[in-house]
Amino acid sequence: MTGTRIKEVALTQFAKNGYEGASLADIATEVGIKKQSIYTHFKGKDELFLDLFDDVLAKELNFVVEYLDRHKHLSIDQLLYGFLIQYKDCYEQDDNTKFFLRVAFFPPSHLYDEIVKKGYNYLDKLETMLIPLFDQAIAAGNIHADVS
């Protein structure tokens, strides 16, 4: 239970303050434990951050899968526009999306390679889901065939 609570608080801290602005001491205080107790669950700030990033990537990917499944009946322009609107709403209301976008654009320099590798894996999965939709729209004449 405490490990889960640490991650919940850390997610909010990282989403709001970034890696550099979030402190284990502040996280521990908000959880109601001593800072040293965090080390029972995580080796340190880096492990906590990367563990959260993995969780967030999975949730973000799940959001895309569920959105595409719920809206597969829409035309490509309605589908993409609706996705952007819903994603904007997620950013405004959800720490997962805030954290994801913050890390995607401003990864901690010492974790850059690991974050980018995980990010490319995420993008590859998105591409696997989206390319068939674009191919269908091209075949239906809804997108010009020159669009790559």
# chains A, B, ... in the order shown; residues from 1 in each chain; ligands from 1
$ residues_around --residues "segment 91-107 of chain A" --least-positions-apart "6" --cutoff "9 Å" --atoms "only C-alpha atoms" --output "mmCIF file with all heavy atoms, in the first residue's frame"
data_model
loop_
_atom_site.group_PDB
_atom_site.id
_atom_site.type_symbol
_atom_site.label_atom_id
_atom_site.label_comp_id
_atom_site.auth_asym_id
_atom_site.auth_seq_id
_atom_site.Cartn_x
_atom_site.Cartn_y
_atom_site.Cartn_z
ATOM 1 N N LEU A 11 3.886 10.937 -8.682
ATOM 2 C CA LEU A 11 3.350 11.288 -9.995
ATOM 3 C C LEU A 11 2.905 12.749 -10.014
ATOM 4 O O LEU A 11 3.238 13.509 -10.934
ATOM 5 C CB LEU A 11 2.171 10.374 -10.354
ATOM 6 C CG LEU A 11 1.452 10.692 -11.660
ATOM 7 C CD1 LEU A 11 2.376 10.498 -12.854
ATOM 8 C CD2 LEU A 11 0.212 9.824 -11.796
ATOM 9 N N THR A 12 2.180 13.151 -8.996
ATOM 10 C CA THR A 12 1.724 14.539 -8.915
ATOM 11 C C THR A 12 2.909 15.492 -8.817
ATOM 12 O O THR A 12 2.945 16.524 -9.496
ATOM 13 C CB THR A 12 0.784 14.718 -7.710
ATOM 14 O OG1 THR A 12 -0.325 13.829 -7.871
ATOM 15 C CG2 THR A 12 0.285 16.145 -7.590
ATOM 16 N N PHE A 14 6.107 14.987 -9.790
ATOM 17 C CA PHE A 14 6.867 15.018 -11.044
ATOM 18 C C PHE A 14 6.093 15.745 -12.144
ATOM 19 O O PHE A 14 6.678 16.462 -12.951
ATOM 20 C CB PHE A 14 7.224 13.605 -11.505
ATOM 21 C CG PHE A 14 8.313 12.940 -10.709
ATOM 22 C CD1 PHE A 14 8.133 11.651 -10.225
ATOM 23 C CD2 PHE A 14 9.520 13.569 -10.457
ATOM 24 C CE1 PHE A 14 9.143 11.012 -9.506
ATOM 25 C CE2 PHE A 14 10.530 12.950 -9.731
ATOM 26 C CZ PHE A 14 10.342 11.666 -9.253
ATOM 27 N N ALA A 15 4.784 15.548 -12.202
ATOM 28 C CA ALA A 15 3.968 16.215 -13.219
ATOM 29 C C ALA A 15 3.984 17.728 -13.019
ATOM 30 O O ALA A 15 4.057 18.490 -13.984
ATOM 31 C CB ALA A 15 2.535 15.685 -13.180
ATOM 32 N N LYS A 16 3.934 18.139 -11.774
ATOM 33 C CA LYS A 16 3.877 19.565 -11.463
ATOM 34 C C LYS A 16 5.247 20.232 -11.498
ATOM 35 O O LYS A 16 5.391 21.329 -12.028
ATOM 36 C CB LYS A 16 3.249 19.734 -10.071
ATOM 37 C CG LYS A 16 3.112 21.155 -9.607
ATOM 38 C CD LYS A 16 2.479 21.213 -8.230
ATOM 39 C CE LYS A 16 2.454 22.630 -7.702
ATOM 40 N NZ LYS A 16 1.994 22.679 -6.320
ATOM 41 N N GLY A 18 8.433 18.606 -12.340
ATOM 42 C CA GLY A 18 9.514 17.999 -13.111
ATOM 43 C C GLY A 18 10.416 17.175 -12.215
ATOM 44 O O GLY A 18 10.255 17.150 -10.984
ATOM 45 N N TYR A 19 11.363 16.506 -12.842
ATOM 46 C CA TYR A 19 12.291 15.654 -12.092
ATOM 47 C C TYR A 19 13.081 16.482 -11.084
ATOM 48 O O TYR A 19 13.200 16.114 -9.912
ATOM 49 C CB TYR A 19 13.243 14.931 -13.055
ATOM 50 C CG TYR A 19 14.242 14.057 -12.345
ATOM 51 C CD1 TYR A 19 13.925 12.739 -12.048
ATOM 52 C CD2 TYR A 19 15.486 14.546 -11.951
ATOM 53 C CE1 TYR A 19 14.825 11.928 -11.379
ATOM 54 C CE2 TYR A 19 16.392 13.743 -11.286
ATOM 55 C CZ TYR A 19 16.063 12.434 -11.002
ATOM 56 O OH TYR A 19 16.961 11.635 -10.332
ATOM 57 N N PHE A 53 7.322 6.300 -15.098
ATOM 58 C CA PHE A 53 7.285 6.524 -16.542
ATOM 59 C C PHE A 53 6.756 5.290 -17.268
ATOM 60 O O PHE A 53 5.939 5.409 -18.183
ATOM 61 C CB PHE A 53 8.675 6.918 -17.058
ATOM 62 C CG PHE A 53 8.678 7.379 -18.481
ATOM 63 C CD1 PHE A 53 7.975 8.512 -18.864
ATOM 64 C CD2 PHE A 53 9.385 6.694 -19.449
ATOM 65 C CE1 PHE A 53 7.968 8.947 -20.183
ATOM 66 C CE2 PHE A 53 9.386 7.107 -20.770
ATOM 67 C CZ PHE A 53 8.675 8.242 -21.143
ATOM 68 N N ASP A 55 4.687 3.060 -16.022
ATOM 69 C CA ASP A 55 3.252 3.016 -15.730
ATOM 70 C C ASP A 55 2.482 4.005 -16.599
ATOM 71 O O ASP A 55 1.426 3.688 -17.154
ATOM 72 C CB ASP A 55 2.972 3.352 -14.260
ATOM 73 C CG ASP A 55 3.452 2.295 -13.283
ATOM 74 O OD1 ASP A 55 3.854 1.199 -13.713
ATOM 75 O OD2 ASP A 55 3.435 2.593 -12.067
ATOM 76 N N VAL A 56 3.008 5.193 -16.715
ATOM 77 C CA VAL A 56 2.348 6.250 -17.482
ATOM 78 C C VAL A 56 2.313 5.898 -18.963
ATOM 79 O O VAL A 56 1.293 6.107 -19.628
ATOM 80 C CB VAL A 56 3.027 7.609 -17.214
ATOM 81 C CG1 VAL A 56 2.620 8.650 -18.230
ATOM 82 C CG2 VAL A 56 2.703 8.075 -15.801
ATOM 83 N N LEU A 57 3.409 5.359 -19.489
ATOM 84 C CA LEU A 57 3.415 4.942 -20.896
ATOM 85 C C LEU A 57 2.323 3.908 -21.160
ATOM 86 O O LEU A 57 1.617 3.995 -22.167
ATOM 87 C CB LEU A 57 4.774 4.366 -21.291
ATOM 88 C CG LEU A 57 5.883 5.358 -21.584
ATOM 89 C CD1 LEU A 57 7.187 4.627 -21.863
ATOM 90 C CD2 LEU A 57 5.537 6.272 -22.741
ATOM 91 N N LYS A 59 -0.468 3.497 -19.475
ATOM 92 C CA LYS A 59 -1.775 4.156 -19.376
ATOM 93 C C LYS A 59 -2.056 5.012 -20.610
ATOM 94 O O LYS A 59 -3.181 5.046 -21.102
ATOM 95 C CB LYS A 59 -1.854 4.999 -18.104
ATOM 96 C CG LYS A 59 -1.958 4.160 -16.853
ATOM 97 C CD LYS A 59 -1.933 5.008 -15.600
ATOM 98 C CE LYS A 59 -1.927 4.113 -14.370
ATOM 99 N NZ LYS A 59 -1.715 4.858 -13.132
ATOM 100 N N GLU A 60 -1.044 5.710 -21.093
ATOM 101 C CA GLU A 60 -1.230 6.540 -22.282
ATOM 102 C C GLU A 60 -1.529 5.674 -23.508
ATOM 103 O O GLU A 60 -2.399 6.009 -24.311
ATOM 104 C CB GLU A 60 0.006 7.409 -22.529
ATOM 105 C CG GLU A 60 0.214 8.484 -21.490
ATOM 106 C CD GLU A 60 -0.912 9.498 -21.443
ATOM 107 O OE1 GLU A 60 -1.275 10.065 -22.482
ATOM 108 O OE2 GLU A 60 -1.448 9.726 -20.337
ATOM 109 N N ILE A 115 14.839 7.242 -21.407
ATOM 110 C CA ILE A 115 13.531 7.831 -21.690
ATOM 111 C C ILE A 115 13.255 7.816 -23.193
ATOM 112 O O ILE A 115 12.164 7.439 -23.633
ATOM 113 C CB ILE A 115 13.445 9.276 -21.145
ATOM 114 C CG1 ILE A 115 13.561 9.307 -19.627
ATOM 115 C CG2 ILE A 115 12.187 9.983 -21.639
ATOM 116 C CD1 ILE A 115 12.402 8.726 -18.874
ATOM 117 N N VAL A 116 14.245 8.206 -23.983
ATOM 118 C CA VAL A 116 14.068 8.240 -25.437
ATOM 119 C C VAL A 116 13.820 6.834 -25.992
ATOM 120 O O VAL A 116 12.943 6.643 -26.839
ATOM 121 C CB VAL A 116 15.279 8.913 -26.121
ATOM 122 C CG1 VAL A 116 15.263 8.703 -27.621
ATOM 123 C CG2 VAL A 116 15.294 10.405 -25.795
ATOM 124 N N GLY A 119 10.364 5.978 -25.167
ATOM 125 C CA GLY A 119 9.496 6.831 -25.966
ATOM 126 C C GLY A 119 9.377 6.343 -27.403
ATOM 127 O O GLY A 119 8.279 6.337 -27.978
#
$ residues_around --residues "Lys35 of chain A" --least-positions-apart "5" --cutoff "8 Å" --atoms "only C-alpha atoms" --output "ChimeraX atom specification"
/A:24-25,27-29
$ write_last_selection --atoms "C-alpha atoms" --output "PDB file, in the first residue's frame"
ATOM      1  CA  LEU A  24      11.878  12.642  -2.096  1.00  0.00           C
ATOM      2  CA  ALA A  25      11.574  14.566   1.176  1.00  0.00           C
ATOM      3  CA  ILE A  27       7.013  13.092  -1.385  1.00  0.00           C
ATOM      4  CA  ALA A  28       7.654  11.347   1.920  1.00  0.00           C
ATOM      5  CA  THR A  29       6.089  14.183   3.902  1.00  0.00           C
TER       6      THR A  29
END
$ closest_residue --among "A:Gln136, A:Gln86, A:Ser23, A:Gln36" --to "Lys72 of chain A" --atoms "only C-alpha atoms"
A:Gln136
$ residues_around --residues "Lys125 of chain A" --least-positions-apart "5" --cutoff "9 Å" --atoms "only C-alpha atoms" --output "MDAnalysis selection string"
chainID A and resid 61 120 130
$ write_last_selection --atoms "N, CA, C and O atoms" --output "CSV table (one decimal), in the first residue's frame"
chain,number,residue,atom,x,y,z
A,61,LEU,N,-0.8,4.6,-23.6
A,61,LEU,CA,-1.1,3.7,-24.7
A,61,LEU,C,-2.5,3.1,-24.6
A,61,LEU,O,-3.2,3.0,-25.6
A,120,TYR,N,10.5,5.9,-28.0
A,120,TYR,CA,10.4,5.4,-29.4
A,120,TYR,C,9.6,4.1,-29.4
A,120,TYR,O,8.9,3.9,-30.4
A,130,LEU,N,-2.0,3.4,-35.9
A,130,LEU,CA,-2.5,4.5,-36.7
A,130,LEU,C,-2.3,4.3,-38.3
A,130,LEU,O,-3.1,4.7,-39.0
$ residues_around --residues "Leu133 of chain A" --least-positions-apart "4" --cutoff "10 Å" --atoms "only C-alpha atoms" --output "mmCIF file with N, CA, C and O atoms, in the first residue's frame"
data_model
loop_
_atom_site.group_PDB
_atom_site.id
_atom_site.type_symbol
_atom_site.label_atom_id
_atom_site.label_comp_id
_atom_site.auth_asym_id
_atom_site.auth_seq_id
_atom_site.Cartn_x
_atom_site.Cartn_y
_atom_site.Cartn_z
ATOM 1 N N LEU A 68 -9.427 4.727 -29.887
ATOM 2 C CA LEU A 68 -9.586 4.248 -31.260
ATOM 3 C C LEU A 68 -10.683 3.196 -31.359
ATOM 4 O O LEU A 68 -11.451 3.182 -32.325
ATOM 5 N N LYS A 72 -14.000 4.065 -33.716
ATOM 6 C CA LYS A 72 -13.593 3.501 -35.010
ATOM 7 C C LYS A 72 -14.604 3.775 -36.120
ATOM 8 O O LYS A 72 -14.259 3.699 -37.287
ATOM 9 N N SER A 75 -15.042 9.196 -39.248
ATOM 10 C CA SER A 75 -14.131 9.465 -40.360
ATOM 11 C C SER A 75 -12.767 9.845 -39.788
ATOM 12 O O SER A 75 -12.661 10.226 -38.609
ATOM 13 N N ILE A 76 -11.735 9.770 -40.610
ATOM 14 C CA ILE A 76 -10.374 10.023 -40.127
ATOM 15 C C ILE A 76 -10.236 11.433 -39.560
ATOM 16 O O ILE A 76 -9.602 11.622 -38.527
ATOM 17 N N LEU A 79 -12.047 11.506 -36.231
ATOM 18 C CA LEU A 79 -11.298 10.677 -35.293
ATOM 19 C C LEU A 79 -10.093 11.437 -34.750
ATOM 20 O O LEU A 79 -9.884 11.503 -33.531
ATOM 21 N N GLU A 127 2.293 3.975 -34.058
ATOM 22 C CA GLU A 127 2.368 3.879 -35.515
ATOM 23 C C GLU A 127 1.690 2.610 -36.011
ATOM 24 O O GLU A 127 0.940 2.629 -36.989
ATOM 25 N N THR A 128 1.903 1.506 -35.311
ATOM 26 C CA THR A 128 1.275 0.237 -35.679
ATOM 27 C C THR A 128 -0.248 0.344 -35.656
ATOM 28 O O THR A 128 -0.929 -0.268 -36.482
ATOM 29 N N MET A 129 -0.772 1.143 -34.741
ATOM 30 C CA MET A 129 -2.217 1.315 -34.647
ATOM 31 C C MET A 129 -2.749 2.325 -35.665
ATOM 32 O O MET A 129 -3.852 2.170 -36.185
ATOM 33 N N ALA A 137 -8.103 5.392 -44.974
ATOM 34 C CA ALA A 137 -8.587 6.703 -45.410
ATOM 35 C C ALA A 137 -8.080 7.033 -46.813
ATOM 36 O O ALA A 137 -8.806 7.625 -47.617
ATOM 37 N N ILE A 138 -6.856 6.635 -47.134
ATOM 38 C CA ILE A 138 -6.324 6.843 -48.478
ATOM 39 C C ILE A 138 -7.112 5.995 -49.470
ATOM 40 O O ILE A 138 -7.532 6.485 -50.525
ATOM 41 N N ALA A 139 -7.340 4.739 -49.108
ATOM 42 C CA ALA A 139 -8.082 3.830 -49.991
ATOM 43 C C ALA A 139 -9.510 4.334 -50.235
ATOM 44 O O ALA A 139 -10.053 4.177 -51.336
#
$ closest_residue --among "A:Ala58, A:Val64, A:Gly82, A:Gly3" --to "Asn121 of chain A" --atoms "only C-alpha atoms"
A:Ala58
$ residues_around --residues "Ile6 of chain A" --least-positions-apart "5" --cutoff "10 Å" --atoms "only C-alpha atoms" --output "short mmCIF file (atom, residue, chain, number, x, y, z; two decimals) with N, CA, C and O atoms, in the first residue's frame"
data_model
loop_
_atom_site.label_atom_id
_atom_site.label_comp_id
_atom_site.auth_asym_id
_atom_site.auth_seq_id
_atom_site.Cartn_x
_atom_site.Cartn_y
_atom_site.Cartn_z
N MET A 1 0.82 -1.19 0.00
CA MET A 1 0.00 0.00 0.00
C MET A 1 0.86 1.26 0.00
O MET A 1 0.60 2.19 -0.76
N LEU A 11 3.89 10.94 -8.68
CA LEU A 11 3.35 11.29 -10.00
C LEU A 11 2.91 12.75 -10.01
O LEU A 11 3.24 13.51 -10.93
N LEU A 24 12.32 13.81 -2.86
CA LEU A 24 11.88 12.64 -2.10
C LEU A 24 11.39 13.05 -0.71
O LEU A 24 10.46 12.45 -0.17
N ILE A 27 7.87 14.25 -1.11
CA ILE A 27 7.01 13.09 -1.38
C ILE A 27 6.75 12.33 -0.09
O ILE A 27 5.61 12.00 0.23
N ALA A 28 7.80 12.08 0.66
CA ALA A 28 7.65 11.35 1.92
C ALA A 28 6.74 12.08 2.89
O ALA A 28 5.87 11.47 3.53
N GLU A 30 4.33 14.19 2.22
CA GLU A 30 2.93 14.10 1.77
C GLU A 30 2.35 12.71 1.99
O GLU A 30 1.17 12.56 2.31
N VAL A 31 3.19 11.68 1.86
CA VAL A 31 2.72 10.31 2.09
C VAL A 31 2.52 10.06 3.58
O VAL A 31 1.69 9.26 3.98
N GLY A 32 3.31 10.79 4.41
CA GLY A 32 3.22 10.60 5.85
C GLY A 32 4.24 9.61 6.38
O GLY A 32 4.00 8.95 7.38
N ILE A 33 5.36 9.52 5.68
CA ILE A 33 6.44 8.63 6.09
C ILE A 33 7.74 9.42 6.14
O ILE A 33 7.80 10.56 5.71
N SER A 37 12.12 5.81 4.39
CA SER A 37 11.17 4.72 4.13
C SER A 37 10.91 4.53 2.64
O SER A 37 10.51 3.44 2.22
N ILE A 38 11.12 5.56 1.86
CA ILE A 38 10.95 5.43 0.40
C ILE A 38 11.91 4.38 -0.13
O ILE A 38 11.58 3.62 -1.03
N HIS A 41 11.02 0.80 -0.77
CA HIS A 41 10.23 0.47 -1.97
C HIS A 41 10.97 0.75 -3.27
O HIS A 41 10.72 0.09 -4.28
N PHE A 42 11.86 1.74 -3.25
CA PHE A 42 12.59 2.16 -4.44
C PHE A 42 14.04 2.45 -4.08
O PHE A 42 14.31 3.00 -3.01
N LEU A 48 12.23 5.34 -8.94
CA LEU A 48 10.85 5.76 -8.77
C LEU A 48 10.35 6.46 -10.03
O LEU A 48 9.27 6.16 -10.55
#
$ closest_residue --among "A:Gln13, A:Val147, A:Lys43, A:Tyr67" --to "Leu80 of chain A" --atoms "only C-alpha atoms"
A:Tyr67
